[in-house]
file final_0.cif (mmCIF, C-alpha atoms)
data_start
#
loop_
_atom_site.label_atom_id
_atom_site.label_comp_id
_atom_site.auth_asym_id
_atom_site.auth_seq_id
_atom_site.Cartn_x
_atom_site.Cartn_y
_atom_site.Cartn_z
CA MET A 286 134.77 98.85 101.53
CA GLY A 287 132.13 101.58 101.16
CA THR A 288 132.48 105.31 101.28
CA PHE A 289 132.12 107.01 104.64
CA HIS A 290 129.48 109.76 104.81
CA VAL A 291 128.62 111.85 107.83
CA ILE A 292 124.87 111.89 108.35
CA PRO A 293 123.57 115.11 109.89
CA LYS A 294 122.21 114.83 113.43
CA GLU A 295 118.81 116.13 112.28
CA ILE A 296 118.49 113.28 109.76
CA LYS A 297 119.64 110.71 112.32
CA ASP A 298 117.11 112.01 114.85
CA GLN A 299 114.35 111.96 112.25
CA ILE A 300 115.14 108.35 111.31
CA LEU A 301 115.23 107.22 114.95
CA SER A 302 111.99 109.07 115.64
CA ARG A 303 110.22 107.28 112.76
CA ILE A 304 111.33 103.93 114.17
CA LYS A 305 110.33 104.72 117.73
CA ASN A 306 107.12 106.66 117.10
CA ASP A 307 105.78 105.42 113.76
CA GLY A 308 106.67 101.78 114.26
CA ILE A 309 108.63 101.28 111.05
CA THR A 310 111.53 98.84 111.02
CA ALA A 311 115.16 99.90 111.11
CA ALA A 312 115.63 98.29 107.69
CA GLN A 313 112.73 100.26 106.19
CA ALA A 314 113.88 103.53 107.74
CA ALA A 315 117.39 102.94 106.38
CA LYS A 316 116.06 102.09 102.92
CA ASP A 317 113.89 105.23 102.89
CA ALA A 318 116.89 107.37 103.87
CA GLY A 319 119.27 105.63 101.46
CA ILE A 320 121.67 104.47 104.13
CA CYS A 321 122.89 101.11 105.40
CA ALA A 322 120.50 99.29 107.74
CA GLU A 323 123.44 98.27 109.92
CA THR A 324 124.17 101.95 110.55
CA VAL A 325 120.63 102.50 111.83
CA ARG A 326 120.79 99.38 113.99
CA ASN A 327 124.06 100.66 115.47
CA TRP A 328 122.41 104.01 116.27
CA LEU A 329 119.59 102.17 118.01
CA ALA A 330 122.02 100.08 120.03
CA LYS A 331 124.04 103.14 121.07
CA SER A 332 120.94 105.08 122.07
CA ALA A 333 119.43 102.15 123.93
CA ASN A 334 118.56 102.99 127.50
CA GLY A 335 115.41 102.32 129.56
CA VAL A 336 113.30 104.97 127.83
CA ASN A 337 114.49 104.21 124.32
CA ASN A 338 114.09 100.48 124.78
CA GLU A 339 110.53 101.06 125.93
CA ALA A 340 109.81 103.21 122.87
CA ILE A 341 111.30 100.60 120.56
CA GLU A 342 109.25 97.87 122.22
CA ASN A 343 106.11 100.01 121.91
CA ALA A 344 106.77 100.48 118.20
CA ARG A 345 107.26 96.73 117.76
CA LEU A 346 104.03 96.01 119.60
CA LYS A 347 102.20 98.59 117.49
CA ARG A 348 103.34 96.81 114.30
CA GLU A 349 102.35 93.45 115.76
CA LEU A 350 98.91 94.73 116.78
CA THR A 351 98.32 96.13 113.30
CA GLY A 352 99.07 92.68 111.89
CA VAL A 353 96.67 91.06 114.34
CA TYR A 354 93.91 93.51 113.35
CA GLU A 355 94.51 92.75 109.67
CA LEU A 356 94.33 89.01 110.33
CA LEU A 357 91.18 89.42 112.41
CA GLY A 358 89.55 91.39 109.60
CA LYS A 359 90.42 88.72 107.03
CA LEU A 360 89.15 85.92 109.24
CA THR A 361 85.92 87.78 109.97
CA ALA A 362 85.32 88.28 106.25
CA GLU A 363 86.08 84.61 105.51
CA LEU A 364 83.71 83.50 108.26
CA ALA A 365 80.93 85.66 106.84
CA VAL A 366 81.43 84.12 103.39
CA PHE A 367 81.48 80.62 104.89
CA LYS A 368 78.27 81.23 106.83
CA LYS A 369 76.55 82.68 103.78
CA LYS A 370 77.54 79.71 101.57
CA ASN A 371 76.39 77.19 104.17
CA GLY A 372 73.10 78.84 105.02
CA HIS A 373 74.14 79.94 108.50
CA TRP A 374 73.73 83.63 107.88
CA THR A 375 72.21 85.40 110.83
#
call {"tool": "encode", "arguments": {"input": "final_0.cif", "output": "structure tokens"}}
result
Amino acid sequence: MGTFHVIPKEIKDQILSRIKNDGITAAQAAKDAGICAETVRNWLAKSANGVNNEAIENARLKRELTGVYELLGKLTAELAVFKKKNGHWT
């Protein structure tokens, strides 16, 4: 069993804020802070209420949208190369 450490409220709030506002995952926030991901997930579960759930969902959607934009950019670039190779450049 691991050692028990009390994490200051300021650090906990900062970690939760990064998840909710910056869209990083609980696992990444925990890794960055050097703490167990399960601890962060427990904090999220305990703080979950209507407002917090909405913020968490917004962060998830922000990450998902970023991935969609990246995919769209790659597909657009591939289409341009395809058109150029096949003489369909406009």
call {"tool": "residues_around", "arguments": {"input": "final_0.cif", "residues": "region 341-346 of chain A", "least_positions_apart": "3", "cutoff": "8 Å", "atoms": "only C-alpha atoms", "output": "VMD selection string"}}
result
chain A and resid 304 to 309 337 to 338 349 to 350
call {"tool": "closest_residue", "arguments": {"input": "final_0.cif", "among": "A:Asp317, A:Pro293, A:Val353, A:Leu301", "to": "Lys331 (chain A)", "atoms": "only C-alpha atoms"}}
result
A:Leu301
call {"tool": "residues_around", "arguments": {"input": "final_0.cif", "residues": "Val325 (chain A)", "least_positions_apart": "5", "cutoff": "9 Å", "atoms": "all atoms listed in the file", "output": "list in words"}}
result
Lys297, Ile300, Leu301, Ala311, Ala312, Ala314, Ala315, Ile320 and Ala330 of chain A
call {"tool": "atom_distance", "arguments": {"input": "final_0.cif", "atom1": "CA of Arg348 (chain A)", "atom2": "CA of Lys294 (chain A)"}}
result
26.1 Å
call {"tool": "atom_distance", "arguments": {"input": "final_0.cif", "atom1": "CA of Trp328 (chain A)", "atom2": "CA of Val291 (chain A)"}}
result
13.1 Å
call {"tool": "atom_distance", "arguments": {"input": "final_0.cif", "atom1": "CA of Arg326 (chain A)", "atom2": "CA of Glu295 (chain A)"}}
result
17.0 Å
call {"tool": "axis_aligned_box", "arguments": {"input": "final_0.cif", "around": "region 317-324 of chain A", "padding_each_side": "3 Å", "output": "AutoDock Vina command-line options"}}
result
--center_x 119.0 --center_y 102.8 --center_z 106.0 --size_x 16.3 --size_y 15.1 --size_z 15.1
call {"tool": "closest_residue", "arguments": {"input": "final_0.cif", "among": "A:Asn371, A:Thr288, A:Ser332, A:Ala362", "to": "Ser302 (chain A)", "atoms": "all atoms listed in the file"}}
result
A:Ser332
call {"tool": "closest_residue", "arguments": {"input": "final_0.cif", "among": "A:Glu355, A:Leu329, A:Ala318, A:Gln313", "to": "Ile292 (chain A)", "atoms": "only C-alpha atoms"}}
result
A:Ala318
call {"tool": "decode", "arguments": {"input": "final_0.cif", "residues": "region 300-346 of chain A", "atoms": "N, CA and C atoms", "output": "PDB file, in the first residue's frame"}}
result
ATOM      1  N   ILE A 300      -5.367  21.728 -10.131  1.00  0.00           N
ATOM      2  CA  ILE A 300      -5.484  20.524 -10.962  1.00  0.00           C
ATOM      3  C   ILE A 300      -6.891  20.422 -11.544  1.00  0.00           C
ATOM      4  N   LEU A 301      -7.898  20.598 -10.704  1.00  0.00           N
ATOM      5  CA  LEU A 301      -9.288  20.517 -11.180  1.00  0.00           C
ATOM      6  C   LEU A 301      -9.589  21.624 -12.194  1.00  0.00           C
ATOM      7  N   SER A 302      -9.026  22.787 -11.977  1.00  0.00           N
ATOM      8  CA  SER A 302      -9.222  23.895 -12.913  1.00  0.00           C
ATOM      9  C   SER A 302      -8.616  23.568 -14.276  1.00  0.00           C
ATOM     10  N   ARG A 303      -7.435  22.969 -14.298  1.00  0.00           N
ATOM     11  CA  ARG A 303      -6.810  22.603 -15.575  1.00  0.00           C
ATOM     12  C   ARG A 303      -7.665  21.594 -16.335  1.00  0.00           C
ATOM     13  N   ILE A 304      -8.278  20.682 -15.621  1.00  0.00           N
ATOM     14  CA  ILE A 304      -9.130  19.676 -16.263  1.00  0.00           C
ATOM     15  C   ILE A 304     -10.377  20.347 -16.832  1.00  0.00           C
ATOM     16  N   LYS A 305     -11.002  21.170 -16.023  1.00  0.00           N
ATOM     17  CA  LYS A 305     -12.274  21.774 -16.418  1.00  0.00           C
ATOM     18  C   LYS A 305     -12.108  22.882 -17.452  1.00  0.00           C
ATOM     19  N   ASN A 306     -11.068  23.695 -17.324  1.00  0.00           N
ATOM     20  CA  ASN A 306     -10.920  24.859 -18.188  1.00  0.00           C
ATOM     21  C   ASN A 306      -9.986  24.650 -19.371  1.00  0.00           C
ATOM     22  N   ASP A 307      -8.935  23.864 -19.178  1.00  0.00           N
ATOM     23  CA  ASP A 307      -7.948  23.673 -20.244  1.00  0.00           C
ATOM     24  C   ASP A 307      -8.210  22.428 -21.068  1.00  0.00           C
ATOM     25  N   GLY A 308      -9.089  21.562 -20.568  1.00  0.00           N
ATOM     26  CA  GLY A 308      -9.458  20.383 -21.337  1.00  0.00           C
ATOM     27  C   GLY A 308      -8.473  19.231 -21.263  1.00  0.00           C
ATOM     28  N   ILE A 309      -7.556  19.246 -20.297  1.00  0.00           N
ATOM     29  CA  ILE A 309      -6.648  18.108 -20.191  1.00  0.00           C
ATOM     30  C   ILE A 309      -7.355  16.962 -19.460  1.00  0.00           C
ATOM     31  N   THR A 310      -6.849  15.773 -19.634  1.00  0.00           N
ATOM     32  CA  THR A 310      -7.466  14.613 -19.000  1.00  0.00           C
ATOM     33  C   THR A 310      -7.065  14.539 -17.528  1.00  0.00           C
ATOM     34  N   ALA A 311      -7.856  13.808 -16.767  1.00  0.00           N
ATOM     35  CA  ALA A 311      -7.534  13.606 -15.356  1.00  0.00           C
ATOM     36  C   ALA A 311      -6.202  12.872 -15.233  1.00  0.00           C
ATOM     37  N   ALA A 312      -5.967  11.911 -16.110  1.00  0.00           N
ATOM     38  CA  ALA A 312      -4.711  11.154 -16.069  1.00  0.00           C
ATOM     39  C   ALA A 312      -3.515  12.062 -16.330  1.00  0.00           C
ATOM     40  N   GLN A 313      -3.638  12.957 -17.317  1.00  0.00           N
ATOM     41  CA  GLN A 313      -2.532  13.862 -17.629  1.00  0.00           C
ATOM     42  C   GLN A 313      -2.305  14.856 -16.501  1.00  0.00           C
ATOM     43  N   ALA A 314      -3.366  15.382 -15.935  1.00  0.00           N
ATOM     44  CA  ALA A 314      -3.242  16.329 -14.820  1.00  0.00           C
ATOM     45  C   ALA A 314      -2.562  15.648 -13.632  1.00  0.00           C
ATOM     46  N   ALA A 315      -2.945  14.410 -13.360  1.00  0.00           N
ATOM     47  CA  ALA A 315      -2.338  13.661 -12.252  1.00  0.00           C
ATOM     48  C   ALA A 315      -0.860  13.415 -12.521  1.00  0.00           C
ATOM     49  N   LYS A 316      -0.546  13.020 -13.732  1.00  0.00           N
ATOM     50  CA  LYS A 316       0.853  12.757 -14.107  1.00  0.00           C
ATOM     51  C   LYS A 316       1.684  14.021 -13.944  1.00  0.00           C
ATOM     52  N   ASP A 317       1.156  15.157 -14.436  1.00  0.00           N
ATOM     53  CA  ASP A 317       1.873  16.425 -14.325  1.00  0.00           C
ATOM     54  C   ASP A 317       2.126  16.814 -12.871  1.00  0.00           C
ATOM     55  N   ALA A 318       1.167  16.496 -11.997  1.00  0.00           N
ATOM     56  CA  ALA A 318       1.283  16.855 -10.578  1.00  0.00           C
ATOM     57  C   ALA A 318       2.021  15.795  -9.760  1.00  0.00           C
ATOM     58  N   GLY A 319       2.273  14.641 -10.373  1.00  0.00           N
ATOM     59  CA  GLY A 319       2.975  13.574  -9.657  1.00  0.00           C
ATOM     60  C   GLY A 319       2.115  12.867  -8.631  1.00  0.00           C
ATOM     61  N   ILE A 320       0.827  12.772  -8.916  1.00  0.00           N
ATOM     62  CA  ILE A 320      -0.073  12.073  -8.004  1.00  0.00           C
ATOM     63  C   ILE A 320      -0.833  10.996  -8.764  1.00  0.00           C
ATOM     64  N   CYS A 321      -1.529  10.170  -8.031  1.00  0.00           N
ATOM     65  CA  CYS A 321      -2.272   9.050  -8.609  1.00  0.00           C
ATOM     66  C   CYS A 321      -3.493   9.561  -9.377  1.00  0.00           C
ATOM     67  N   ALA A 322      -3.690   9.033 -10.587  1.00  0.00           N
ATOM     68  CA  ALA A 322      -4.835   9.432 -11.409  1.00  0.00           C
ATOM     69  C   ALA A 322      -6.158   9.106 -10.720  1.00  0.00           C
ATOM     70  N   GLU A 323      -6.187   8.026  -9.965  1.00  0.00           N
ATOM     71  CA  GLU A 323      -7.415   7.647  -9.263  1.00  0.00           C
ATOM     72  C   GLU A 323      -7.809   8.712  -8.248  1.00  0.00           C
ATOM     73  N   THR A 324      -6.821   9.338  -7.624  1.00  0.00           N
ATOM     74  CA  THR A 324      -7.091  10.418  -6.675  1.00  0.00           C
ATOM     75  C   THR A 324      -7.813  11.567  -7.378  1.00  0.00           C
ATOM     76  N   VAL A 325      -7.311  11.943  -8.544  1.00  0.00           N
ATOM     77  CA  VAL A 325      -7.922  13.050  -9.297  1.00  0.00           C
ATOM     78  C   VAL A 325      -9.327  12.666  -9.732  1.00  0.00           C
ATOM     79  N   ARG A 326      -9.508  11.441 -10.199  1.00  0.00           N
ATOM     80  CA  ARG A 326     -10.848  11.003 -10.608  1.00  0.00           C
ATOM     81  C   ARG A 326     -11.813  11.023  -9.422  1.00  0.00           C
ATOM     82  N   ASN A 327     -11.320  10.666  -8.244  1.00  0.00           N
ATOM     83  CA  ASN A 327     -12.160  10.728  -7.038  1.00  0.00           C
ATOM     84  C   ASN A 327     -12.556  12.166  -6.723  1.00  0.00           C
ATOM     85  N   TRP A 328     -11.608  13.098  -6.858  1.00  0.00           N
ATOM     86  CA  TRP A 328     -11.923  14.511  -6.636  1.00  0.00           C
ATOM     87  C   TRP A 328     -13.015  14.956  -7.593  1.00  0.00           C
ATOM     88  N   LEU A 329     -12.884  14.563  -8.853  1.00  0.00           N
ATOM     89  CA  LEU A 329     -13.885  14.950  -9.849  1.00  0.00           C
ATOM     90  C   LEU A 329     -15.258  14.389  -9.497  1.00  0.00           C
ATOM     91  N   ALA A 330     -15.284  13.145  -9.069  1.00  0.00           N
ATOM     92  CA  ALA A 330     -16.557  12.514  -8.711  1.00  0.00           C
ATOM     93  C   ALA A 330     -17.189  13.214  -7.504  1.00  0.00           C
ATOM     94  N   LYS A 331     -16.362  13.567  -6.527  1.00  0.00           N
ATOM     95  CA  LYS A 331     -16.887  14.221  -5.318  1.00  0.00           C
ATOM     96  C   LYS A 331     -17.358  15.641  -5.612  1.00  0.00           C
ATOM     97  N   SER A 332     -16.725  16.295  -6.561  1.00  0.00           N
ATOM     98  CA  SER A 332     -17.108  17.676  -6.857  1.00  0.00           C
ATOM     99  C   SER A 332     -18.194  17.751  -7.919  1.00  0.00           C
ATOM    100  N   ALA A 333     -18.600  16.589  -8.425  1.00  0.00           N
ATOM    101  CA  ALA A 333     -19.571  16.577  -9.521  1.00  0.00           C
ATOM    102  C   ALA A 333     -20.928  17.080  -9.044  1.00  0.00           C
ATOM    103  N   ASN A 334     -21.355  18.151  -9.671  1.00  0.00           N
ATOM    104  CA  ASN A 334     -22.719  18.646  -9.537  1.00  0.00           C
ATOM    105  C   ASN A 334     -23.064  19.222 -10.905  1.00  0.00           C
ATOM    106  N   GLY A 335     -24.221  19.812 -11.077  1.00  0.00           N
ATOM    107  CA  GLY A 335     -24.644  20.289 -12.393  1.00  0.00           C
ATOM    108  C   GLY A 335     -23.636  21.188 -13.078  1.00  0.00           C
ATOM    109  N   VAL A 336     -23.073  22.143 -12.354  1.00  0.00           N
ATOM    110  CA  VAL A 336     -22.133  23.087 -12.950  1.00  0.00           C
ATOM    111  C   VAL A 336     -20.828  22.395 -13.287  1.00  0.00           C
ATOM    112  N   ASN A 337     -20.308  21.601 -12.371  1.00  0.00           N
ATOM    113  CA  ASN A 337     -19.041  20.921 -12.619  1.00  0.00           C
ATOM    114  C   ASN A 337     -19.155  19.907 -13.741  1.00  0.00           C
ATOM    115  N   ASN A 338     -20.272  19.183 -13.781  1.00  0.00           N
ATOM    116  CA  ASN A 338     -20.451  18.222 -14.859  1.00  0.00           C
ATOM    117  C   ASN A 338     -20.469  18.929 -16.204  1.00  0.00           C
ATOM    118  N   GLU A 339     -21.086  20.084 -16.252  1.00  0.00           N
ATOM    119  CA  GLU A 339     -21.141  20.857 -17.489  1.00  0.00           C
ATOM    120  C   GLU A 339     -19.737  21.306 -17.898  1.00  0.00           C
ATOM    121  N   ALA A 340     -18.946  21.740 -16.938  1.00  0.00           N
ATOM    122  CA  ALA A 340     -17.584  22.171 -17.229  1.00  0.00           C
ATOM    123  C   ALA A 340     -16.734  21.007 -17.710  1.00  0.00           C
ATOM    124  N   ILE A 341     -16.904  19.855 -17.096  1.00  0.00           N
ATOM    125  CA  ILE A 341     -16.153  18.670 -17.511  1.00  0.00           C
ATOM    126  C   ILE A 341     -16.564  18.263 -18.917  1.00  0.00           C
ATOM    127  N   GLU A 342     -17.845  18.301 -19.207  1.00  0.00           N
ATOM    128  CA  GLU A 342     -18.329  17.958 -20.545  1.00  0.00           C
ATOM    129  C   GLU A 342     -17.812  18.961 -21.570  1.00  0.00           C
ATOM    130  N   ASN A 343     -17.780  20.246 -21.217  1.00  0.00           N
ATOM    131  CA  ASN A 343     -17.239  21.251 -22.125  1.00  0.00           C
ATOM    132  C   ASN A 343     -15.769  20.998 -22.422  1.00  0.00           C
ATOM    133  N   ALA A 344     -15.016  20.612 -21.408  1.00  0.00           N
ATOM    134  CA  ALA A 344     -13.595  20.308 -21.613  1.00  0.00           C
ATOM    135  C   ALA A 344     -13.432  19.099 -22.527  1.00  0.00           C
ATOM    136  N   ARG A 345     -14.262  18.079 -22.333  1.00  0.00           N
ATOM    137  CA  ARG A 345     -14.202  16.898 -23.186  1.00  0.00           C
ATOM    138  C   ARG A 345     -14.528  17.265 -24.627  1.00  0.00           C
ATOM    139  N   LEU A 346     -15.551  18.070 -24.813  1.00  0.00           N
ATOM    140  CA  LEU A 346     -15.933  18.486 -26.159  1.00  0.00           C
ATOM    141  C   LEU A 346     -14.852  19.338 -26.811  1.00  0.00           C
TER     142      LEU A 346
END
